[in-house]
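Undergrad: Take a look at entry_39.cif, mmCIF, C-alpha atoms:
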data_data
loop_
_atom_site.label_atom_id
_atom_site.label_comp_id
_atom_site.auth_asym_id
_atom_site.auth_seq_id
_atom_site.Cartn_x
_atom_site.Cartn_y
_atom_site.Cartn_z
CA MET X 645 52.42 9.11 -42.21
CA ARG X 646 53.95 6.67 -44.60
CA PHE X 647 52.00 3.93 -46.35
CA SER X 648 53.03 1.01 -48.53
CA VAL X 649 50.88 0.62 -51.60
CA LEU X 650 50.48 -2.25 -54.03
CA VAL X 651 48.57 -1.58 -57.23
CA GLU X 652 47.79 -4.73 -59.19
CA VAL X 653 46.86 -3.91 -62.78
CA ARG X 654 45.05 -6.70 -64.60
CA LEU X 655 43.60 -7.01 -68.06
CA ARG X 656 39.81 -6.97 -67.90
CA PRO X 657 38.07 -10.32 -68.40
CA GLY X 658 37.63 -10.99 -72.11
CA ILE X 659 40.64 -8.94 -73.19
CA ALA X 660 43.13 -11.16 -75.03
CA ASP X 661 46.35 -11.82 -73.10
CA PRO X 662 49.00 -13.05 -75.56
CA GLN X 663 51.71 -13.05 -72.88
CA GLY X 664 49.63 -15.32 -70.64
CA ALA X 665 48.76 -17.56 -73.60
CA THR X 666 52.45 -17.89 -74.47
CA ILE X 667 53.33 -18.89 -70.90
CA GLU X 668 50.50 -21.42 -70.94
CA ARG X 669 51.73 -22.97 -74.17
CA ALA X 670 55.29 -23.22 -72.83
CA LEU X 671 54.35 -25.06 -69.64
CA PRO X 672 53.84 -28.64 -70.95
CA ALA X 673 57.30 -28.63 -72.56
CA LEU X 674 58.76 -27.79 -69.14
CA GLY X 675 56.86 -30.60 -67.45
CA PHE X 676 54.09 -28.57 -65.83
CA SER X 677 50.54 -29.81 -66.20
CA GLY X 678 47.14 -28.81 -64.90
CA VAL X 679 47.72 -25.08 -65.23
CA ASP X 680 45.29 -22.86 -67.08
CA GLN X 681 43.83 -19.37 -67.31
CA VAL X 682 47.26 -17.76 -67.10
CA ARG X 683 46.93 -13.97 -67.05
CA VAL X 684 49.83 -11.55 -66.76
CA GLY X 685 49.40 -8.16 -65.14
CA LYS X 686 51.54 -5.53 -63.49
CA ALA X 687 52.36 -5.17 -59.82
CA VAL X 688 53.33 -1.60 -58.96
CA ARG X 689 54.62 -0.94 -55.46
CA PHE X 690 55.43 2.43 -53.91
CA LEU X 691 55.52 4.42 -50.71
CA ILE X 692 53.20 7.36 -50.19
CA ASP X 693 53.11 10.13 -47.60
CA ALA X 694 49.56 10.90 -46.53
CA ALA X 695 47.65 12.09 -43.48
CA ASP X 696 45.72 8.84 -43.08
CA GLU X 697 45.01 5.56 -44.81
CA ALA X 698 41.86 6.84 -46.52
CA SER X 699 43.69 9.70 -48.25
CA ALA X 700 46.61 7.41 -49.16
CA ARG X 701 44.13 5.01 -50.74
CA ALA X 702 42.32 7.81 -52.58
CA GLU X 703 45.56 9.18 -54.04
CA ALA X 704 46.76 5.69 -55.04
CA GLN X 705 43.40 4.90 -56.66
CA ASP X 706 43.55 8.16 -58.60
CA MET X 707 47.14 7.38 -59.70
CA ALA X 708 46.06 3.91 -60.77
CA GLU X 709 43.25 5.25 -62.93
CA ARG X 710 45.12 8.18 -64.45
CA LEU X 711 48.62 6.79 -64.91
CA LEU X 712 49.17 3.15 -64.07
CA ALA X 713 46.25 1.44 -65.80
CA ASN X 714 44.47 1.94 -69.09
CA PRO X 715 40.87 1.80 -67.84
CA VAL X 716 39.57 0.80 -71.27
CA ILE X 717 41.24 -2.60 -71.10
CA GLU X 718 42.63 -2.85 -67.57
CA GLU X 719 41.35 -2.81 -64.02
CA ALA X 720 43.41 -1.82 -61.01
CA GLU X 721 43.23 -3.06 -57.45
CA VAL X 722 44.78 -0.92 -54.73
CA THR X 723 45.99 -2.30 -51.41
CA VAL X 724 47.34 0.02 -48.73
CA ARG X 725 49.21 -0.89 -45.58
CA ALA X 726 50.61 1.37 -42.91
CA ASP X 727 53.94 -0.40 -42.67
CA GLY X 728 55.86 -3.10 -44.47
CA LYS X 729 54.42 -4.44 -47.68
CA PRO X 730 50.71 -4.24 -48.44
CA ASP X 731 48.45 -7.26 -48.24
CA ALA X 732 46.96 -8.66 -51.45
CA ALA X 733 44.94 -8.30 -53.87
CA SER X 734 41.89 -9.85 -52.19
CA MET Q 530 41.45 -29.82 -56.37
CA ARG Q 531 41.71 -26.43 -57.96
CA PHE Q 532 43.82 -23.60 -56.58
CA SER Q 533 44.15 -19.95 -57.50
CA VAL Q 534 47.74 -18.79 -57.64
CA LEU Q 535 49.25 -15.32 -57.70
CA VAL Q 536 52.95 -15.03 -58.50
CA GLU Q 537 54.33 -11.56 -57.91
CA VAL Q 538 57.65 -11.10 -59.70
CA ARG Q 539 59.71 -8.17 -58.42
CA LEU Q 540 63.10 -6.84 -59.33
CA ARG Q 541 65.60 -7.57 -56.57
CA PRO Q 542 66.58 -4.62 -54.36
CA GLY Q 543 69.37 -2.67 -56.00
CA ILE Q 544 68.44 -3.61 -59.56
CA ALA Q 545 67.66 -0.48 -61.57
CA ASP Q 546 63.99 -0.06 -62.45
CA PRO Q 547 63.70 2.44 -65.32
CA GLN Q 548 59.94 1.88 -65.64
CA GLY Q 549 59.41 2.73 -61.98
CA ALA Q 550 61.70 5.76 -62.27
CA THR Q 551 59.74 7.02 -65.27
CA ILE Q 552 56.45 6.71 -63.40
CA GLU Q 553 57.97 8.54 -60.43
CA ARG Q 554 59.16 11.40 -62.65
CA ALA Q 555 55.73 11.72 -64.28
CA LEU Q 556 53.81 12.02 -61.01
CA PRO Q 557 54.48 15.68 -60.07
CA ALA Q 558 53.24 16.87 -63.48
CA LEU Q 559 49.96 15.05 -62.80
CA GLY Q 560 49.60 16.64 -59.38
CA PHE Q 561 50.70 13.71 -57.24
CA SER Q 562 53.18 14.37 -54.47
CA GLY Q 563 54.76 12.40 -51.67
CA VAL Q 564 55.21 9.22 -53.70
CA ASP Q 565 58.56 7.51 -53.92
CA GLN Q 566 60.33 4.17 -54.34
CA VAL Q 567 58.10 3.20 -57.27
CA ARG Q 568 58.92 -0.32 -58.46
CA VAL Q 569 57.15 -2.13 -61.25
CA GLY Q 570 56.87 -5.90 -61.28
CA LYS Q 571 54.68 -8.57 -62.83
CA ALA Q 572 51.58 -10.15 -61.36
CA VAL Q 573 50.92 -13.56 -62.90
CA ARG Q 574 47.66 -15.26 -61.98
CA PHE Q 575 46.58 -18.77 -62.94
CA LEU Q 576 44.59 -21.80 -61.84
CA ILE Q 577 46.30 -25.05 -61.01
CA ASP Q 578 45.00 -28.58 -60.46
CA ALA Q 579 46.80 -30.28 -57.59
CA ALA Q 580 46.15 -32.84 -54.87
CA ASP Q 581 46.63 -30.38 -52.04
CA GLU Q 582 47.79 -26.86 -51.32
CA ALA Q 583 51.38 -27.90 -50.60
CA SER Q 584 51.83 -29.53 -53.99
CA ALA Q 585 50.09 -26.61 -55.74
CA ARG Q 586 52.50 -24.25 -54.01
CA ALA Q 587 55.52 -26.39 -54.90
CA GLU Q 588 54.56 -26.54 -58.58
CA ALA Q 589 53.87 -22.79 -58.68
CA GLN Q 590 57.18 -22.02 -56.97
CA ASP Q 591 58.99 -24.21 -59.48
CA MET Q 592 57.19 -22.49 -62.38
CA ALA Q 593 58.10 -19.10 -60.93
CA GLU Q 594 61.78 -19.97 -60.72
CA ARG Q 595 62.08 -21.75 -64.07
CA LEU Q 596 59.77 -19.72 -66.29
CA LEU Q 597 58.18 -16.62 -64.80
CA ALA Q 598 61.12 -14.91 -63.10
CA ASN Q 599 64.74 -14.42 -63.98
CA PRO Q 600 66.30 -15.38 -60.64
CA VAL Q 601 69.46 -13.39 -61.36
CA ILE Q 602 67.61 -10.08 -61.15
CA GLU Q 603 64.12 -10.97 -59.95
CA GLU Q 604 62.47 -12.57 -56.94
CA ALA Q 605 59.11 -14.25 -56.99
CA GLU Q 606 56.49 -14.52 -54.29
CA VAL Q 607 53.85 -17.22 -54.57
CA THR Q 608 50.43 -17.03 -52.94
CA VAL Q 609 48.00 -19.93 -53.20
CA ARG Q 610 44.34 -19.99 -52.31
CA ALA Q 611 41.89 -22.84 -52.54
CA ASP Q 612 39.11 -20.76 -54.05
CA GLY Q 613 38.62 -17.32 -55.53
CA LYS Q 614 41.66 -15.13 -55.88
CA PRO Q 615 44.76 -15.62 -53.76
CA ASP Q 616 45.66 -13.27 -50.93
CA ALA Q 617 48.75 -11.10 -51.31
CA ALA Q 618 51.93 -10.94 -51.39
CA SER Q 619 52.48 -10.61 -47.64
#
Rewrite the structure from the file as structure tokens, please.
TA:
Amino acid sequence: MRFSVLVEVRLRPGIADPQGATIERALPALGFSGVDQVRVGKAVRFLIDAADEASARAEAQDMAERLLANPVIEEAEVTVRADGKPDAAS
Amino acid sequence: MRFSVLVEVRLRPGIADPQGATIERALPALGFSGVDQVRVGKAVRFLIDAADEASARAEAQDMAERLLANPVIEEAEVTVRADGKPDAAS
């Protein structure tokens, strides 16, 4: 069976995020106000063939930890859906 | 009122994604099989002060189009939630 997976890779809380800080500094000049705590992560989407949702999730979680994220500074959140695009990122 | 926003920036369909292709090529060597169509995008999270959810969403959508995504090659999906982290990316 085919599953849609979304892996959101985020910097762990407390890890400096220069890209997010740069976006935040640029916002007032573009007329945006009231925005803070900007953090930039990665959103990796793929399709996976697996027997059931549990094994799809296990393989995606393993991929996230071994390849997609650096667990020292990043955390990964895996969302699996049987068809179409996966739901968030709860 | 304070809203949590998630902007997922994805390459448009048909735009080459070398980062995704590299991940896909690396997977078999790590023992992962059955994974394809890997696409890598950005996940930008921030907090926004706005009167209501509609205006928070409008400001975030405007930010996504003017600053976070390059609309020529990327599409952005905005998810807004009143508290905690926003739901996906439906």
Undergrad: Do you know which residues the PyMOL selection byres ((chain X) within 8 of (chain Q)) returns on this file, as an NGL selection string?
TA: :X and (652-653 or 667 or 676 or 678-694 or 703 or 707 or 711 or 729-734)
Undergrad: Keeping C-alpha atoms for every residue in the selection just given, could you write it to a file as a short mmCIF file (atom, residue, chain, number, x, y, z; two decimals), in the frame of the given file?
TA:
data_model
loop_
_atom_site.label_atom_id
_atom_site.label_comp_id
_atom_site.auth_asym_id
_atom_site.auth_seq_id
_atom_site.Cartn_x
_atom_site.Cartn_y
_atom_site.Cartn_z
CA GLU X 652 47.79 -4.73 -59.19
CA VAL X 653 46.86 -3.91 -62.78
CA ILE X 667 53.33 -18.89 -70.90
CA PHE X 676 54.09 -28.57 -65.83
CA GLY X 678 47.14 -28.81 -64.90
CA VAL X 679 47.72 -25.08 -65.23
CA ASP X 680 45.29 -22.86 -67.08
CA GLN X 681 43.83 -19.37 -67.31
CA VAL X 682 47.26 -17.76 -67.10
CA ARG X 683 46.93 -13.97 -67.05
CA VAL X 684 49.83 -11.55 -66.76
CA GLY X 685 49.40 -8.16 -65.14
CA LYS X 686 51.54 -5.53 -63.49
CA ALA X 687 52.36 -5.17 -59.82
CA VAL X 688 53.33 -1.60 -58.96
CA ARG X 689 54.62 -0.94 -55.46
CA PHE X 690 55.43 2.43 -53.91
CA LEU X 691 55.52 4.42 -50.71
CA ILE X 692 53.20 7.36 -50.19
CA ASP X 693 53.11 10.13 -47.60
CA ALA X 694 49.56 10.90 -46.53
CA GLU X 703 45.56 9.18 -54.04
CA MET X 707 47.14 7.38 -59.70
CA LEU X 711 48.62 6.79 -64.91
CA LYS X 729 54.42 -4.44 -47.68
CA PRO X 730 50.71 -4.24 -48.44
CA ASP X 731 48.45 -7.26 -48.24
CA ALA X 732 46.96 -8.66 -51.45
CA ALA X 733 44.94 -8.30 -53.87
CA SER X 734 41.89 -9.85 -52.19
#
Undergrad: Least-squares superpose chain X onto chain Q - every C-alpha atom, paired in order - and show me the moved coordinates as a PDB file with C-alpha atoms, in the frame of the given file.
TA:
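Saved file superposed_37.pdb follows:
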ATOM      1  CA  MET X 645      41.465 -29.824 -56.387  1.00  0.00           C
ATOM      2  CA  ARG X 646      41.699 -26.436 -57.960  1.00  0.00           C
ATOM      3  CA  PHE X 647      43.811 -23.610 -56.573  1.00  0.00           C
ATOM      4  CA  SER X 648      44.157 -19.951 -57.485  1.00  0.00           C
ATOM      5  CA  VAL X 649      47.739 -18.792 -57.635  1.00  0.00           C
ATOM      6  CA  LEU X 650      49.249 -15.325 -57.701  1.00  0.00           C
ATOM      7  CA  VAL X 651      52.939 -15.040 -58.502  1.00  0.00           C
ATOM      8  CA  GLU X 652      54.329 -11.562 -57.912  1.00  0.00           C
ATOM      9  CA  VAL X 653      57.650 -11.098 -59.697  1.00  0.00           C
ATOM     10  CA  ARG X 654      59.707  -8.176 -58.431  1.00  0.00           C
ATOM     11  CA  LEU X 655      63.100  -6.822 -59.340  1.00  0.00           C
ATOM     12  CA  ARG X 656      65.588  -7.562 -56.574  1.00  0.00           C
ATOM     13  CA  PRO X 657      66.567  -4.622 -54.361  1.00  0.00           C
ATOM     14  CA  GLY X 658      69.385  -2.674 -55.996  1.00  0.00           C
ATOM     15  CA  ILE X 659      68.437  -3.616 -59.552  1.00  0.00           C
ATOM     16  CA  ALA X 660      67.660  -0.475 -61.563  1.00  0.00           C
ATOM     17  CA  ASP X 661      63.975  -0.064 -62.448  1.00  0.00           C
ATOM     18  CA  PRO X 662      63.696   2.440 -65.319  1.00  0.00           C
ATOM     19  CA  GLN X 663      59.941   1.879 -65.648  1.00  0.00           C
ATOM     20  CA  GLY X 664      59.393   2.737 -61.979  1.00  0.00           C
ATOM     21  CA  ALA X 665      61.708   5.752 -62.266  1.00  0.00           C
ATOM     22  CA  THR X 666      59.742   7.010 -65.273  1.00  0.00           C
ATOM     23  CA  ILE X 667      56.440   6.708 -63.396  1.00  0.00           C
ATOM     24  CA  GLU X 668      57.978   8.543 -60.450  1.00  0.00           C
ATOM     25  CA  ARG X 669      59.163  11.391 -62.649  1.00  0.00           C
ATOM     26  CA  ALA X 670      55.733  11.711 -64.281  1.00  0.00           C
ATOM     27  CA  LEU X 671      53.804  12.009 -61.020  1.00  0.00           C
ATOM     28  CA  PRO X 672      54.475  15.676 -60.072  1.00  0.00           C
ATOM     29  CA  ALA X 673      53.249  16.867 -63.484  1.00  0.00           C
ATOM     30  CA  LEU X 674      49.967  15.048 -62.809  1.00  0.00           C
ATOM     31  CA  GLY X 675      49.595  16.636 -59.388  1.00  0.00           C
ATOM     32  CA  PHE X 676      50.687  13.704 -57.237  1.00  0.00           C
ATOM     33  CA  SER X 677      53.170  14.370 -54.468  1.00  0.00           C
ATOM     34  CA  GLY X 678      54.746  12.390 -51.667  1.00  0.00           C
ATOM     35  CA  VAL X 679      55.214   9.223 -53.695  1.00  0.00           C
ATOM     36  CA  ASP X 680      58.565   7.498 -53.917  1.00  0.00           C
ATOM     37  CA  GLN X 681      60.319   4.166 -54.348  1.00  0.00           C
ATOM     38  CA  VAL X 682      58.094   3.204 -57.268  1.00  0.00           C
ATOM     39  CA  ARG X 683      58.926  -0.316 -58.449  1.00  0.00           C
ATOM     40  CA  VAL X 684      57.144  -2.134 -61.254  1.00  0.00           C
ATOM     41  CA  GLY X 685      56.864  -5.905 -61.279  1.00  0.00           C
ATOM     42  CA  LYS X 686      54.674  -8.561 -62.818  1.00  0.00           C
ATOM     43  CA  ALA X 687      51.572 -10.147 -61.358  1.00  0.00           C
ATOM     44  CA  VAL X 688      50.903 -13.555 -62.895  1.00  0.00           C
ATOM     45  CA  ARG X 689      47.650 -15.269 -61.983  1.00  0.00           C
ATOM     46  CA  PHE X 690      46.567 -18.786 -62.921  1.00  0.00           C
ATOM     47  CA  LEU X 691      44.574 -21.798 -61.843  1.00  0.00           C
ATOM     48  CA  ILE X 692      46.292 -25.062 -61.010  1.00  0.00           C
ATOM     49  CA  ASP X 693      44.986 -28.581 -60.464  1.00  0.00           C
ATOM     50  CA  ALA X 694      46.789 -30.291 -57.606  1.00  0.00           C
ATOM     51  CA  ALA X 695      46.136 -32.858 -54.895  1.00  0.00           C
ATOM     52  CA  ASP X 696      46.624 -30.383 -52.051  1.00  0.00           C
ATOM     53  CA  GLU X 697      47.781 -26.864 -51.325  1.00  0.00           C
ATOM     54  CA  ALA X 698      51.367 -27.910 -50.596  1.00  0.00           C
ATOM     55  CA  SER X 699      51.825 -29.540 -54.009  1.00  0.00           C
ATOM     56  CA  ALA X 700      50.083 -26.617 -55.747  1.00  0.00           C
ATOM     57  CA  ARG X 701      52.494 -24.254 -54.013  1.00  0.00           C
ATOM     58  CA  ALA X 702      55.512 -26.405 -54.889  1.00  0.00           C
ATOM     59  CA  GLU X 703      54.560 -26.545 -58.574  1.00  0.00           C
ATOM     60  CA  ALA X 704      53.857 -22.789 -58.689  1.00  0.00           C
ATOM     61  CA  GLN X 705      57.172 -22.023 -56.968  1.00  0.00           C
ATOM     62  CA  ASP X 706      58.996 -24.222 -59.468  1.00  0.00           C
ATOM     63  CA  MET X 707      57.186 -22.485 -62.368  1.00  0.00           C
ATOM     64  CA  ALA X 708      58.097 -19.107 -60.916  1.00  0.00           C
ATOM     65  CA  GLU X 709      61.779 -19.979 -60.717  1.00  0.00           C
ATOM     66  CA  ARG X 710      62.072 -21.746 -64.061  1.00  0.00           C
ATOM     67  CA  LEU X 711      59.766 -19.714 -66.286  1.00  0.00           C
ATOM     68  CA  LEU X 712      58.178 -16.632 -64.790  1.00  0.00           C
ATOM     69  CA  ALA X 713      61.114 -14.914 -63.096  1.00  0.00           C
ATOM     70  CA  ASN X 714      64.749 -14.417 -63.978  1.00  0.00           C
ATOM     71  CA  PRO X 715      66.305 -15.376 -60.631  1.00  0.00           C
ATOM     72  CA  VAL X 716      69.457 -13.382 -61.365  1.00  0.00           C
ATOM     73  CA  ILE X 717      67.617 -10.073 -61.152  1.00  0.00           C
ATOM     74  CA  GLU X 718      64.121 -10.954 -59.946  1.00  0.00           C
ATOM     75  CA  GLU X 719      62.488 -12.560 -56.947  1.00  0.00           C
ATOM     76  CA  ALA X 720      59.111 -14.257 -56.997  1.00  0.00           C
ATOM     77  CA  GLU X 721      56.501 -14.516 -54.284  1.00  0.00           C
ATOM     78  CA  VAL X 722      53.874 -17.234 -54.583  1.00  0.00           C
ATOM     79  CA  THR X 723      50.458 -17.039 -52.944  1.00  0.00           C
ATOM     80  CA  VAL X 724      48.027 -19.940 -53.193  1.00  0.00           C
ATOM     81  CA  ARG X 725      44.359 -19.995 -52.302  1.00  0.00           C
ATOM     82  CA  ALA X 726      41.891 -22.829 -52.570  1.00  0.00           C
ATOM     83  CA  ASP X 727      39.141 -20.747 -54.114  1.00  0.00           C
ATOM     84  CA  GLY X 728      38.645 -17.282 -55.514  1.00  0.00           C
ATOM     85  CA  LYS X 729      41.680 -15.085 -55.889  1.00  0.00           C
ATOM     86  CA  PRO X 730      44.793 -15.607 -53.787  1.00  0.00           C
ATOM     87  CA  ASP X 731      45.687 -13.321 -50.915  1.00  0.00           C
ATOM     88  CA  ALA X 732      48.746 -11.079 -51.232  1.00  0.00           C
ATOM     89  CA  ALA X 733      51.905 -10.827 -51.374  1.00  0.00           C
ATOM     90  CA  SER X 734      52.541 -10.575 -47.624  1.00  0.00           C
TER      91      SER X 734
END
Undergrad: Kindly list the centre and edge lengths in Å, rounded to one decimal, for the axis-aligned box that covers all listed atoms of segment 651-663 of chain X plus 5 Å on each of its six sides, as JSON.
TA:
{"center_x": 44.7, "center_y": -7.3, "center_z": -66.4, "size_x": 24.1, "size_y": 21.5, "size_z": 28.3}
Undergrad: Can you spell out as a list in words the set of residues that the PyMOL selection byres ((chain Q and resi 603) around 9) selects in the structure I just provided?
TA: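 Taken on the displayed file, the PyMOL selection byres ((chain Q and resi 603) around 9) yields the residues Val538, Arg539, Leu540, Arg541, Pro542, Ile544, Gly570, Ala598, Asn599, Pro600, Val601, Ile602, Glu604 and Ala605 of chain Q.
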Undergrad: Figure out the distance between atom CA of Met530 of chain Q and atom CA of Glu582 of chain Q, please, to one decimal in Å.
TA: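 Separation between atom CA of Glu582 of chain Q and atom CA of Met530 of chain Q: 8.6 Å.
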